[in-house]
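Student: Sending over a structure as structure tokens; questions will come in a sec.
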Amino acid sequence: MVAAWPPLSSVIIVPALVALLAMGPWFARERDTNGRLCRIWALLGCLTTLVLLMSIAGAGLSNPQSFLRVEESLPWIPSWGVSFHLTLDGISFVFALLTCVITFAVIGWSSKPAAAGPAWYALLLLGQSAVTGAFLATDLVLFYVLYELMLIPVLVAMVLWGGVRRMQAALKFLLYTMFGSVFMFIAILYLGWQGVQTMQQHSGMSSFGFEIATLSSMPRLALNEQILLCLCFLVAFGVKIPAVPLHGWLADTYREAPYGMAAFTAALLGKVGLYGVIRFVVPLFPDALAVFGPYIAAVGAVGVVYGGVIALTQREIRSLLAYSSLSHLGFCILGIAAMSQMSVTGAVFQAVSHGLVTAALFLLFGTIIEREGASDFESLGGLAAKLPVTAFFLMIFSLAAVALPLTSSFVGEFLILMGSWTNYPQWTVVAMAGVVVGAVYTLTAYLKTMFGPASDTVPLRRSDISGGDLVVMSALALAVVGLGLIPSRVLSVVEPAVTLQIETRGPSGSAKGSQAGQRRGVEDDAQPSLSSVAAQTVSMPVNRDAAMEYVLDH
Amino acid sequence: MSSVLTYVGLSMVLFVIGAVGVCLRRNAIVVFMCIEMMLNAVNLAFVAFSKLHGNLDGQVAVFFVMVIAAAESAIGLAIILSVFRNIESVETTDAGQLKW
Amino acid sequence: MNVISFLIGMTAVVSGICVVGLRNPLFSAFALVVNLLAVAGLYASLDAHFLAVSQVVVYAGAIMVLVLFVLMLLNLKSESGRRLGFVRCATALVVGCMVVMSALPPILAHFSGMSSSTVSDNMMSSVGTVQAIGRELYTKYVAQFELASLVLLIGIVGAVMLAKRKNVELAPRPGGLVGGSK
Amino acid sequence: MNAIASFAPILVLSVGSLGYLLGGRAIENVRASALFAVSLIAIAVWCTLGLSDTAAAAGFGIVVNSGTRILAVVTCIAGLVSIVATSGSLEGEKVAMLSEYYYLMLTSLCGALIMVFAADFLTLFIGVEVASLALYCLCAARVDERRSSEASMKYFLLGCFSSGFLLYGIALWYGATGSLALSAGGTVAVNAPIVALSFLMILVGVAFKIGLAPFHFWVPDVYQGAPTSVTTFMSCVVKVAAVATLVRVLASSFGFTELWTVGPLWILSVLAMTVGNLAALQQRSIKRMLAYSSVAQAGYMMIGLVVAGSAAEAIGATLYYVIVYCAMTIGAFAVLSAIGPDADSIDDLKGLGKRSPFLAVCMTLFFLALAGLPPSLAGLMGKVYLFSSALSAEFFGLAIIAALNSALACAYYFRVPVAILSTRDDIGEPLRVPVQATLAIGLCAVAVVVFGALPENLLVIVRDAAQSLVVR
Amino acid sequence: MQSSQGLLTLLVLIPALGSALTYGIGRRLPALSGFIATLAVVAAFGCTVSLWRGIGVGAESVTVSLGSWLSFGSFSLPLELYFDRLSAVMCLVITGIGSLIHLYATGYMAHDPSRPRFFAYLNLFVAAMLILVLGKSLPVVFIGWEGVGLCSYLLIGFWYSNRDYASAGRKAFVMNRIGDVGFLVAMAILLQYCGTLDVVNLNTPQMLAKLPADMGLIAGLMLFFAATGKSAQLPLFTWLPDAMAGPTPVSALIHAATMVTAGIYLMGRMHGVLEFDPAVPATIMWVALATAALAATVALVQNDIKKVLAYSTVSQLGFMFVAVGAGCYGVALFHVVTHAFFKACLFLSAGSVIHGCHHEQDMQRMGGLAAKMPLTCVSYGVATLAIAGIAPFAGYFSKHAIFESIHEISNPYLTAQLPLIGFIATSVAVCTALYMGRSFILTFLGSYRGSEHPHEAPLVMTAPVFVLAALSVVGGLLLHHSLPTYVTGPLPPTALHEAAPGILGYLIGSVPGIVGIGLAVWLYLIAPSLTKTIRKFAWPFEKLFSGKYFIDELYDRAIIAPVAAISRIVSRTINQTVVEGSGGAIGVVTSAVGELTCRVTTGQVATYVLIMFGAIAVLLRLFV
């Protein structure tokens, strides 16, 4: 065990700190007229986080024979068995990285809500902090707190700088999320109570009952229990992702939020839902998932088609983006439902890819909407001649959205489709139909905005992409294409973590599995890291084979 | 002993009559009087129970209730007066500005 | 319970109904006085002589005088306007009956099981003389006795606070002489 | 001697407050009055902390243990903070007479302490009446304000009506046990119907003070009509004292396990949170909204008492939530009173972010806490505690109803931060917040954040208190 | 070996880099863009030739790995290129004809302001097409597959300010996407059962043995379905005629010579899977015949010169699939090559005509151009003869081989219908000659009916055309022995019959072509009035043909309109009312209940007391 420095929590703390400082008087409007200093400050904060993240993950990443796993655990509320437990493994690493990149892009994007001052950057950074935290948390209560926290910056930004119907949209978003998450809240508390009780029975001491490691090593819950609890979790995550019948908030939120925040929301918030399913639902409710699997797959596949079909006739850009997100995330849901190594890895990859692509699309289309002062396709068109650079990037990201090979989305969708074919061929075919629909609406959107005779509307704002924005877009495009060209680097980081998640407890409800689970729980108790009082940062660059043995043994 | 219980029953009846009065009357002063009647009914119960148990705790309690009732009446009437000064009525139906 | 107590009890009930039923507040007040006196009589029949006297003095005397004073002061007529709805009356009565019917049986049931000997033993010693009550008040309940003073003080201070007005220049109301009642 | 010493906090308040009546002109200005009140309460807190435990039987109607001590301290501090927070806006509210006002305030607090410490029902009733009578007057403190006196009258009539029931309950308890002491349960079979009857009557009286539906009707009217300073005070002090009373009555007299304790409490709890939240949805007046919200919050608090029979931890949860609730509510009302004496409509908050960023941030924190959202984690943690104790006692229905309610509540809590963030044309000048208000509001904000983020110490205290309360 | 691997890498990289360079440099110096692009393709051609010679001499195939692409855990999918004889032929066609067309385009597009973009796309297309034919595993093939689709989309919509052109591009892309579903399903099946997607491995009997019977059938059908998209067969062919919206060099390169033959290539590559179940070749045969017949008849009545060629392409592709269905992949490939020669030649000549007539495409407004652009006339004429299948032009040999292969069919599902197949194929051949003759006559003979002043194309355009014309003349003769057998190895052996050699044989073999051309001459040159008579009687057919069998309309009515309607219904009804509306409804109900709750708080003390009293009564009743 090598103590890692800097500690993992710095990844959460630094952006929050930077955000608070950004609100300080030294970035007041009078002194910092264009907000340029504040932006640079925010970018620096973002960059620092990125560097910290990379340096923490560095040890695990640099050694090809090991896989990434860094933990940090502090006792937080010992009397409830709640700990401040962060884990950085392959899955959380890529998502945390995505968070950094997206925040960086949105902050770096020069166009921001007209009235926004330093608060804009502060909110984004706070959002980054919360989302990163949610991606790292392995204690359920901590996760829930951060899960709720990440809502706040989005809502605030919506209310401050959103569209005309922002209040209703924000309220809708809030209520949908809350009604979803209260069920998870109850389920978490129920689980935690079980966890604490079990730990007391097993070891006679009050231990951290909300930790995912503890909970997944408990003797299995009864199937009925699992099903109910699993449903609670799924409803919460389903709202967040969003999955199909629970997406009522989606279009309004994306339409009314300032588009930078819409990019942030679309790119990251839903991913927390996906992450939550992989991180929490999969190891906690294996039997229930075995029951729900077909239904989840159906939700995913239907979502792909449903979102696509609705997007076909949308007349408003952001609505179209919203429903296209619904469609793309359907793939991820399908991938997770299939529970094969390939499909889940693909789902993670697709989630990351969708984050990059959708953020870029929101930024680009947002700028177009701002420039033209219109957001419906009827009043747009022929922009390719006027905005060649925008058109170029838009083309790249549209193609990425339709999952053209050599873009990141293709890798994700390909893995998902190939991986879920084995288990759910029928739903995979349905999802494949969504590929066609996706091409139709994406290209239609491009066609209606970029192609056609050049309209002679007077631009409201500056014209084509240039300067810093060019850097941002190029970076995103590079990421998308790079991930499409050489995905292996990322895949090989994600895959061991995914395998660990899937295989921690086999999906079958056999006695063997539960014995293994119990055995594992007992041995976990023996590890000092669980009960240690002081802050302890544990890094486990374990040999790959050894890791697999570890999994199998425990 | 059955006689003592009759007192308790009587007190319950008086208490409920008072409560019904509170429900039905609109004049604040009459409502207040009904409340006084309720307190009285409780006092009767206290005395009856005191008799029943053969200790004086109940009677002491009645004494305190009387004290409190006196203070209550002073304050209550002052409040009613204050309301009257503001809305020129002591009917509770007229004091309905705060609602919903 | 002898006949006299029974009659007094009936008086209490009837006067109580009158308090609720009479439309003129003044009549209600007088009915209440009767009711309070009747209850005092009941106290006496329960051997709580001190309380009976106190009841007459404090309640029927002081409090009711205060109430009547205020009633006179405000020069109130009988409740004006429309009558209370039949539905409300009926509801109140039904609810009242329900309360009595659900509350009385457990009380009666509880004490019907009590052995009469202990009760009658107790009865002998429960004489509410001034001396007995005074002893209780100054020994066992001395703290409460002191605290009760607090209640009275609040009564005084509160009444003063509410009655005193800053803006005395307000025109006197037709209803009566309000402003300077302090 | 020991027994008399245990009266120290009550004596400090009751005797000390006489200073207002005797002090004359020396204490006529707000600052001096407030300072005097603060110092008295501080001394009372200090005395409370210094009290040693009494044997239940020996005291003069008073019982001191770590539970009552903590409750008393919380009551006092809640009163202290609310007095400090609103002292700056008293002049704006045209409160009738300052010295009387403060006298009644302190006496009411004294009554609350008596309620908390009471060892027998008589003391309890006296405490209730002391606290209530003073508040009836305080509600009418804006004597020329129609709403103020109207609120006062409603509070008075309804309060007396409900204390009639409380008293009848006490009488029945006396009838059943032959004693007025809280913990005389040994002489009677606890599950006798008469005891149930007694409990229900007492519950009605206490539920009224707590503001549980359907005994909550006074809450919105009075909170709205009373001066904001008084509303601030009563929203926390009365509620703490009443909840404490209920806890004590349940713990020492009736127990937590009978159907007739659990059942009514369950119903009242569910009704309170549902009715409170539903009604709050419709409010345009912040004070009414907060009033209904406090009804709902009271419903949450009751969860701990409902489930305490099966989960011993639960009383701790209620205590924790009460403390957190105080911080949130005092803060919210204090901000409201700092904005202005007549600030009531949600529109009055518009542009607060510009007028006073400090108030805006704090108000947002309080409302987020009420809604159970981070970053002011106190509310969320309170719910964690309450709901998990409900779950561990296997009251799943209650937990789910409560959880749904807390989601529903977001719908209206959300409006206040939104109003703060949005602007209107005539937002007015920057607000000048009095120093004492700043301090008090800041304290509440810190409490709301810290109690949530680092709850461990508070949890230990609360658990200890809960344990000592439950021991009969 | 090392050098050939390098060459293989270069082969793909050069056009790709060329694309970037063209765009990068071309933006500053538009004049250079065509030159750079052409150079890149010529260089690629050089590489191909050298590679091709290499495998002739030494190894049978060259494999180069460009690194791991999709590899993680136990799953590994390297980015590998594979050059064998089959790839070699395809590459030669792509780069060879590609070079010529690039050269041509430098003239054709000389005055277009967005030349750099055009050439960049064109180069990108070459790169993608090369990846398609060089990919060693199906996903790598899929990269190229999608890449060429993309370039096709971009180039069809090259003049994007015309929304119809852009829509045509979108249509092409979407149609191809529909086919891609087949590709994906096939990959999923193969991956699940065979555990590999390597194109070489998959055709081995061991691998095929792992496939369950039904899955093998589905995989084969799905692969063919993918090919119908790319190679414009029924039911997905409708995009190709619309694709003529693009600049003519694009039509020549992408929509005639190379991209559309990707389906044939895929069939060849995956022949093992196709032949897993004989039902698949049978299906292919019938679909191909239907497509060929349908397209040929439609081509009869088209007036747009490029549309005629487009339908002709569809029809010829049908011929190729006939060969595939017959199991003679070598023959199909042979037709791919010859078709590339003459169809490219036809398109480029047509391009010259269009160029010369100032972007006039309607043959009704042409005529008599033989005098005004003789060179073009010659090349078009030669290519017409070639496509008509008249000996000794290139088309004759490949078509003849196809007819031969029909006789060789041993597929149990087909043997009974061999005469019918033969008849249809022959009729289509006649039709081909007829419509090509018609187009030649309408364009070049007679008198000029237009209003412009046609002029001959510049040398840079005519030169490549002539090269292609020459190839159309001699290509078949040169290759008909070698090519079908050359690719044996990657493809199953093709039994070549030295059928009817000599002049007589040629004459007999050319009969359908001669008949067709004769008919054309008779109908359009000698007795034009006869056409009117025929039209009078055969108007239903004419209507059917000129309406393109109303397949577009059918798709509009049966698929697009319903989908749009569903979309609208789902969006309005289900999504807005049910999904979003349910939230709203819950909200409305909740606030209504809230309103009620508030209304109870009437402000009247009496009400409050009554409710409290009632509540007490209820509590007492319940719990005492």
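Every chain in the structure tokens takes a letter, A first, then B, and so on in the order presented; its residues are numbered from 1, and the ligands are numbered from 1 following the presented order.
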Can you check which parts of chain D lie within 6 Å of chain B? Per residue, the shortest pair of atoms and distance in Å to one decimal, counting only C-alpha atoms, sorted by chain and number, as JSON lines.

Tutor:
```
{"residue": "D:Arg146", "atom": "CA", "partner": "B:Asn86", "partner_atom": "CA", "distance": 5.4}
{"residue": "D:Ser149", "atom": "CA", "partner": "B:Val83", "partner_atom": "CA", "distance": 5.3}
{"residue": "D:Glu150", "atom": "CA", "partner": "B:Ala95", "partner_atom": "CA", "distance": 5.8}
{"residue": "D:Gly164", "atom": "CA", "partner": "B:Leu39", "partner_atom": "CA", "distance": 5.8}
{"residue": "D:Tyr168", "atom": "CA", "partner": "B:Val42", "partner_atom": "CA", "distance": 5.4}
{"residue": "D:Ala171", "atom": "CA", "partner": "B:Phe46", "partner_atom": "CA", "distance": 5.5}
{"residue": "D:Gly175", "atom": "CA", "partner": "B:Phe49", "partner_atom": "CA", "distance": 5.1}
{"residue": "D:Gly178", "atom": "CA", "partner": "B:His53", "partner_atom": "CA", "distance": 5.6}
{"residue": "D:Asp221", "atom": "CA", "partner": "B:Leu98", "partner_atom": "CA", "distance": 5.3}
```

Student: Residues of chain A near chain D: apply a cut-off of 9 Å, count only C-alpha atoms, and supply the list as a ChimeraX atom specification.

Tutor: /A:76-80,141,145-146,148-150,152,156,159-160,167,171-172,174-183,185-186,188-190,192-194

Student: Within 9 Å of chain E, which residues of chain D are there when counting only C-alpha atoms? Please give them as a ChimeraX atom specification.

Tutor: /D:154,157-158,161-162,193-194,196-197,200-201,204,213-218,220-221,259-261,263-264,275-283

Student: Can you write just those residues out, N, CA, C and O atoms, as a short mmCIF file (atom, residue, chain, number, x, y, z; two decimals), in the first residue's frame?

Tutor:
```cif
data_model
loop_
_atom_site.label_atom_id
_atom_site.label_comp_id
_atom_site.auth_asym_id
_atom_site.auth_seq_id
_atom_site.Cartn_x
_atom_site.Cartn_y
_atom_site.Cartn_z
N LYS D 154 -57.31 34.70 17.87
CA LYS D 154 -57.44 33.31 17.42
C LYS D 154 -56.56 32.39 18.25
O LYS D 154 -56.97 31.31 18.68
N LEU D 157 -58.12 32.01 21.79
CA LEU D 157 -59.31 31.16 21.92
C LEU D 157 -58.98 29.70 21.64
O LEU D 157 -59.35 28.80 22.41
N LEU D 158 -58.25 29.48 20.55
CA LEU D 158 -57.92 28.10 20.22
C LEU D 158 -57.00 27.49 21.25
O LEU D 158 -57.13 26.32 21.62
N PHE D 161 -58.92 26.60 24.31
CA PHE D 161 -59.73 25.42 24.00
C PHE D 161 -58.88 24.16 24.09
O PHE D 161 -59.24 23.18 24.74
N SER D 162 -57.70 24.22 23.47
CA SER D 162 -56.88 23.01 23.48
C SER D 162 -56.29 22.76 24.86
O SER D 162 -56.15 21.61 25.26
N PRO D 193 -57.86 1.64 29.20
CA PRO D 193 -58.47 2.59 28.27
C PRO D 193 -58.46 4.01 28.82
O PRO D 193 -58.31 4.96 28.07
N ILE D 194 -58.59 4.13 30.14
CA ILE D 194 -58.63 5.49 30.66
C ILE D 194 -57.30 6.19 30.46
O ILE D 194 -57.22 7.39 30.20
N ALA D 196 -55.34 5.59 27.97
CA ALA D 196 -55.34 5.95 26.56
C ALA D 196 -56.11 7.23 26.36
O ALA D 196 -55.67 8.15 25.65
N LEU D 197 -57.27 7.31 26.99
CA LEU D 197 -58.09 8.51 26.89
C LEU D 197 -57.31 9.72 27.38
O LEU D 197 -57.28 10.78 26.72
N LEU D 200 -54.70 10.71 24.88
CA LEU D 200 -55.23 11.37 23.69
C LEU D 200 -55.58 12.82 23.99
O LEU D 200 -55.30 13.72 23.19
N MET D 201 -56.17 13.04 25.16
CA MET D 201 -56.53 14.41 25.53
C MET D 201 -55.28 15.26 25.67
O MET D 201 -55.19 16.40 25.18
N VAL D 204 -53.82 16.04 22.37
CA VAL D 204 -54.49 17.13 21.66
C VAL D 204 -53.91 18.46 22.08
O VAL D 204 -53.56 19.31 21.25
N ALA D 213 -51.21 18.88 12.34
CA ALA D 213 -52.53 18.80 11.75
C ALA D 213 -53.27 17.67 12.41
O ALA D 213 -52.67 16.65 12.75
N PRO D 214 -54.57 17.76 12.63
CA PRO D 214 -55.47 18.87 12.30
C PRO D 214 -55.63 19.90 13.41
O PRO D 214 -56.66 20.53 13.51
N PHE D 215 -54.61 20.05 14.21
CA PHE D 215 -54.70 21.07 15.27
C PHE D 215 -53.80 22.25 14.94
O PHE D 215 -53.30 22.94 15.81
N HIS D 216 -53.57 22.43 13.65
CA HIS D 216 -52.55 23.38 13.21
C HIS D 216 -53.14 24.69 12.75
O HIS D 216 -52.43 25.58 12.35
N PHE D 217 -54.48 24.82 12.82
CA PHE D 217 -55.08 25.93 12.08
C PHE D 217 -54.62 27.29 12.56
O PHE D 217 -54.55 28.24 11.78
N TRP D 218 -54.27 27.36 13.83
CA TRP D 218 -53.80 28.65 14.31
C TRP D 218 -52.47 29.02 13.69
O TRP D 218 -52.15 30.20 13.53
N PRO D 220 -50.78 29.05 10.67
CA PRO D 220 -50.59 30.04 9.60
C PRO D 220 -51.14 31.41 9.97
O PRO D 220 -50.48 32.42 9.71
N ASP D 221 -52.31 31.44 10.57
CA ASP D 221 -52.91 32.72 10.88
C ASP D 221 -52.06 33.50 11.86
O ASP D 221 -51.81 34.69 11.69
N LEU D 259 -50.52 0.83 21.13
CA LEU D 259 -51.17 1.20 19.88
C LEU D 259 -51.73 2.61 19.98
O LEU D 259 -51.70 3.39 19.05
N TRP D 260 -52.28 2.94 21.17
CA TRP D 260 -52.92 4.25 21.29
C TRP D 260 -51.89 5.38 21.45
O TRP D 260 -52.27 6.53 21.50
N THR D 261 -50.63 5.06 21.59
CA THR D 261 -49.66 6.15 21.46
C THR D 261 -49.14 6.20 20.02
O THR D 261 -49.05 7.25 19.42
N GLY D 263 -50.45 4.89 17.24
CA GLY D 263 -51.45 5.15 16.22
C GLY D 263 -51.76 6.63 16.03
O GLY D 263 -51.59 7.17 14.93
N PRO D 264 -52.20 7.31 17.10
CA PRO D 264 -52.51 8.73 16.93
C PRO D 264 -51.30 9.53 16.46
O PRO D 264 -51.43 10.40 15.60
N VAL D 275 -50.64 17.69 5.04
CA VAL D 275 -51.44 18.92 5.00
C VAL D 275 -50.54 20.14 4.93
O VAL D 275 -50.75 21.05 4.13
N GLY D 276 -49.50 20.12 5.75
CA GLY D 276 -48.60 21.27 5.76
C GLY D 276 -48.00 21.51 4.40
O GLY D 276 -48.04 22.63 3.87
N ASN D 277 -47.49 20.48 3.80
CA ASN D 277 -46.85 20.66 2.49
C ASN D 277 -47.85 21.04 1.41
O ASN D 277 -47.58 21.92 0.60
N LEU D 278 -48.99 20.37 1.42
CA LEU D 278 -49.97 20.68 0.38
C LEU D 278 -50.44 22.12 0.50
O LEU D 278 -50.55 22.83 -0.50
N ALA D 279 -50.71 22.53 1.71
CA ALA D 279 -51.22 23.88 1.87
C ALA D 279 -50.14 24.91 1.55
O ALA D 279 -50.41 25.95 0.98
N ALA D 280 -48.90 24.57 1.90
CA ALA D 280 -47.82 25.52 1.66
C ALA D 280 -47.61 25.76 0.18
O ALA D 280 -47.14 26.81 -0.24
N LEU D 281 -47.99 24.77 -0.62
CA LEU D 281 -47.82 24.91 -2.08
C LEU D 281 -48.50 26.17 -2.60
O LEU D 281 -48.07 26.76 -3.57
N GLN D 282 -49.60 26.54 -1.97
CA GLN D 282 -50.44 27.59 -2.54
C GLN D 282 -50.10 28.97 -2.02
O GLN D 282 -50.73 29.94 -2.43
N GLN D 283 -49.16 29.07 -1.09
CA GLN D 283 -49.00 30.34 -0.40
C GLN D 283 -48.19 31.34 -1.19
O GLN D 283 -47.19 31.01 -1.81
#
```

Student: In Å, with one decimal, what is the gap from CA of Leu7 in chain E to CA of Ile264 in chain E?

Tutor: 25.3 Å

Student: CA of Ile4 in chain D and CA of Phe50 in chain C are how many Å apart?

Tutor: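 One can read the CA of Ile4 in chain D to CA of Phe50 in chain C distance as 28.9 Å.
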
Student: Only residues of chain D matter here; which ones have an atom within 9 Å of chain C, counting only C-alpha atoms? Give them as number ranges by chain.

Tutor: D: 4, 7, 14, 21, 60-62, 96-97, 100-101, 103-104, 107, 114, 122-123, 126-127, 129-130, 133-134, 136-138, 140-144, 172, 175-176, 192-197

Student: Write out as number ranges by chain the set of residues from range 419-537 of chain E that DSSP, computed on the backbone, places in helix (DSSP H, G or I).

Tutor: E: 419-444, 459-479, 482-486, 502-509, 511-526, 528-537

Student: Excluding Phe347 in chain E and its own-chain neighbours fewer than 4 positions away, which residues fall within 9 Å of it when counting only C-alpha atoms? Please give them as a list in words.

Tutor: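 My reading of the contact set: Thr248, Pro249, Ser251, Ala252, Leu253, Ala256, Lys306, Leu309, Phe342, Lys343, Gly351, Ser352 and Tyr380 of chain E.
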
Student: Just the number, please: distance in Å from CA of Gln5 in chain E to CA of Val64 in chain E, one decimal.

Tutor: 5.5 Å

Student: Compile the residues of chain E that lie within 6 Å of chain A, evaluated using only C-alpha atoms, and express the compilation as a PyMOL selection string.

Tutor: chain E and resi 69-72+143+160-163+177-178+181+188+567+571+579-580

Student: Kindly determine which residues of chain C lie within 12 Å of chain E, considering only C-alpha atoms, and give the answer as a PyMOL selection string.

Tutor: chain C and resi 84-85+87-107+109

Student: Go ahead and save the picked residues with N, CA, C and O atoms, as a compact mmCIF listing (two decimals), in the first residue's frame.

Tutor:
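Saved result, result_27.txt, follows:
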```txt
# COMPACT_ATOMS: atom_id res chain seq x y z
N LEU C 84 -76.19 30.58 12.87
CA LEU C 84 -75.23 29.54 12.46
C LEU C 84 -75.99 28.45 11.74
O LEU C 84 -77.13 28.14 12.08
N GLY C 85 -75.36 27.86 10.77
CA GLY C 85 -76.06 26.88 9.95
C GLY C 85 -76.47 25.66 10.76
O GLY C 85 -75.85 25.30 11.76
N VAL C 87 -76.31 22.70 9.77
CA VAL C 87 -75.31 21.65 9.60
C VAL C 87 -74.23 21.77 10.66
O VAL C 87 -73.85 20.79 11.30
N ARG C 88 -73.80 23.00 10.85
CA ARG C 88 -72.76 23.19 11.85
C ARG C 88 -73.24 22.78 13.22
O ARG C 88 -72.53 22.09 13.97
N CYS C 89 -74.44 23.22 13.57
CA CYS C 89 -74.98 22.86 14.89
C CYS C 89 -75.06 21.35 15.04
O CYS C 89 -74.60 20.77 16.04
N ALA C 90 -75.63 20.73 14.03
CA ALA C 90 -75.80 19.28 14.10
C ALA C 90 -74.45 18.60 14.23
O ALA C 90 -74.25 17.71 15.06
N THR C 91 -73.48 19.07 13.40
CA THR C 91 -72.16 18.46 13.45
C THR C 91 -71.57 18.60 14.85
O THR C 91 -71.07 17.63 15.44
N ALA C 92 -71.67 19.80 15.38
CA ALA C 92 -71.09 20.02 16.70
C ALA C 92 -71.73 19.11 17.72
O ALA C 92 -71.04 18.49 18.55
N LEU C 93 -73.04 19.01 17.64
CA LEU C 93 -73.73 18.17 18.63
C LEU C 93 -73.33 16.70 18.46
O LEU C 93 -73.05 16.00 19.44
N VAL C 94 -73.30 16.26 17.21
CA VAL C 94 -72.93 14.86 16.97
C VAL C 94 -71.53 14.59 17.48
O VAL C 94 -71.26 13.60 18.16
N VAL C 95 -70.63 15.51 17.14
CA VAL C 95 -69.25 15.33 17.59
C VAL C 95 -69.20 15.31 19.11
O VAL C 95 -68.53 14.46 19.73
N GLY C 96 -69.97 16.23 19.72
CA GLY C 96 -69.99 16.26 21.18
C GLY C 96 -70.46 14.94 21.74
O GLY C 96 -69.83 14.37 22.65
N CYS C 97 -71.54 14.42 21.18
CA CYS C 97 -72.06 13.13 21.65
C CYS C 97 -71.01 12.04 21.47
O CYS C 97 -70.81 11.19 22.35
N MET C 98 -70.36 12.08 20.30
CA MET C 98 -69.34 11.06 20.05
C MET C 98 -68.25 11.10 21.10
O MET C 98 -67.81 10.07 21.61
N VAL C 99 -67.84 12.33 21.42
CA VAL C 99 -66.77 12.45 22.41
C VAL C 99 -67.23 11.88 23.74
O VAL C 99 -66.54 11.07 24.38
N VAL C 100 -68.42 12.26 24.14
CA VAL C 100 -68.92 11.76 25.43
C VAL C 100 -69.02 10.25 25.40
O VAL C 100 -68.57 9.56 26.32
N MET C 101 -69.55 9.74 24.27
CA MET C 101 -69.79 8.30 24.22
C MET C 101 -68.49 7.51 24.16
O MET C 101 -68.42 6.38 24.64
N SER C 102 -67.48 8.08 23.56
CA SER C 102 -66.25 7.30 23.53
C SER C 102 -65.39 7.56 24.76
O SER C 102 -64.54 6.74 25.09
N ALA C 103 -65.61 8.67 25.43
CA ALA C 103 -64.75 8.96 26.58
C ALA C 103 -65.31 8.37 27.87
O ALA C 103 -64.55 7.92 28.72
N LEU C 104 -66.62 8.40 28.00
CA LEU C 104 -67.18 7.97 29.30
C LEU C 104 -66.99 6.49 29.61
O LEU C 104 -66.55 6.15 30.70
N PRO C 105 -67.31 5.59 28.66
CA PRO C 105 -67.21 4.16 29.03
C PRO C 105 -65.86 3.76 29.61
O PRO C 105 -65.85 3.08 30.65
N PRO C 106 -64.73 4.16 29.01
CA PRO C 106 -63.47 3.72 29.63
C PRO C 106 -63.30 4.24 31.04
O PRO C 106 -62.78 3.52 31.89
N ILE C 107 -63.75 5.46 31.29
CA ILE C 107 -63.60 5.99 32.65
C ILE C 107 -64.42 5.15 33.61
O ILE C 107 -63.92 4.68 34.64
N ALA C 109 -65.62 2.22 33.19
CA ALA C 109 -65.14 0.85 33.26
C ALA C 109 -63.93 0.75 34.18
O ALA C 109 -63.79 -0.19 34.97
```

Student: Which residue gives the smallest distance to chain E among B:Val4, B:Leu10, B:Val16, B:Leu24, with only C-alpha atoms counted?

Tutor: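 Closest to chain E, using only C-alpha atoms: B:Leu24.
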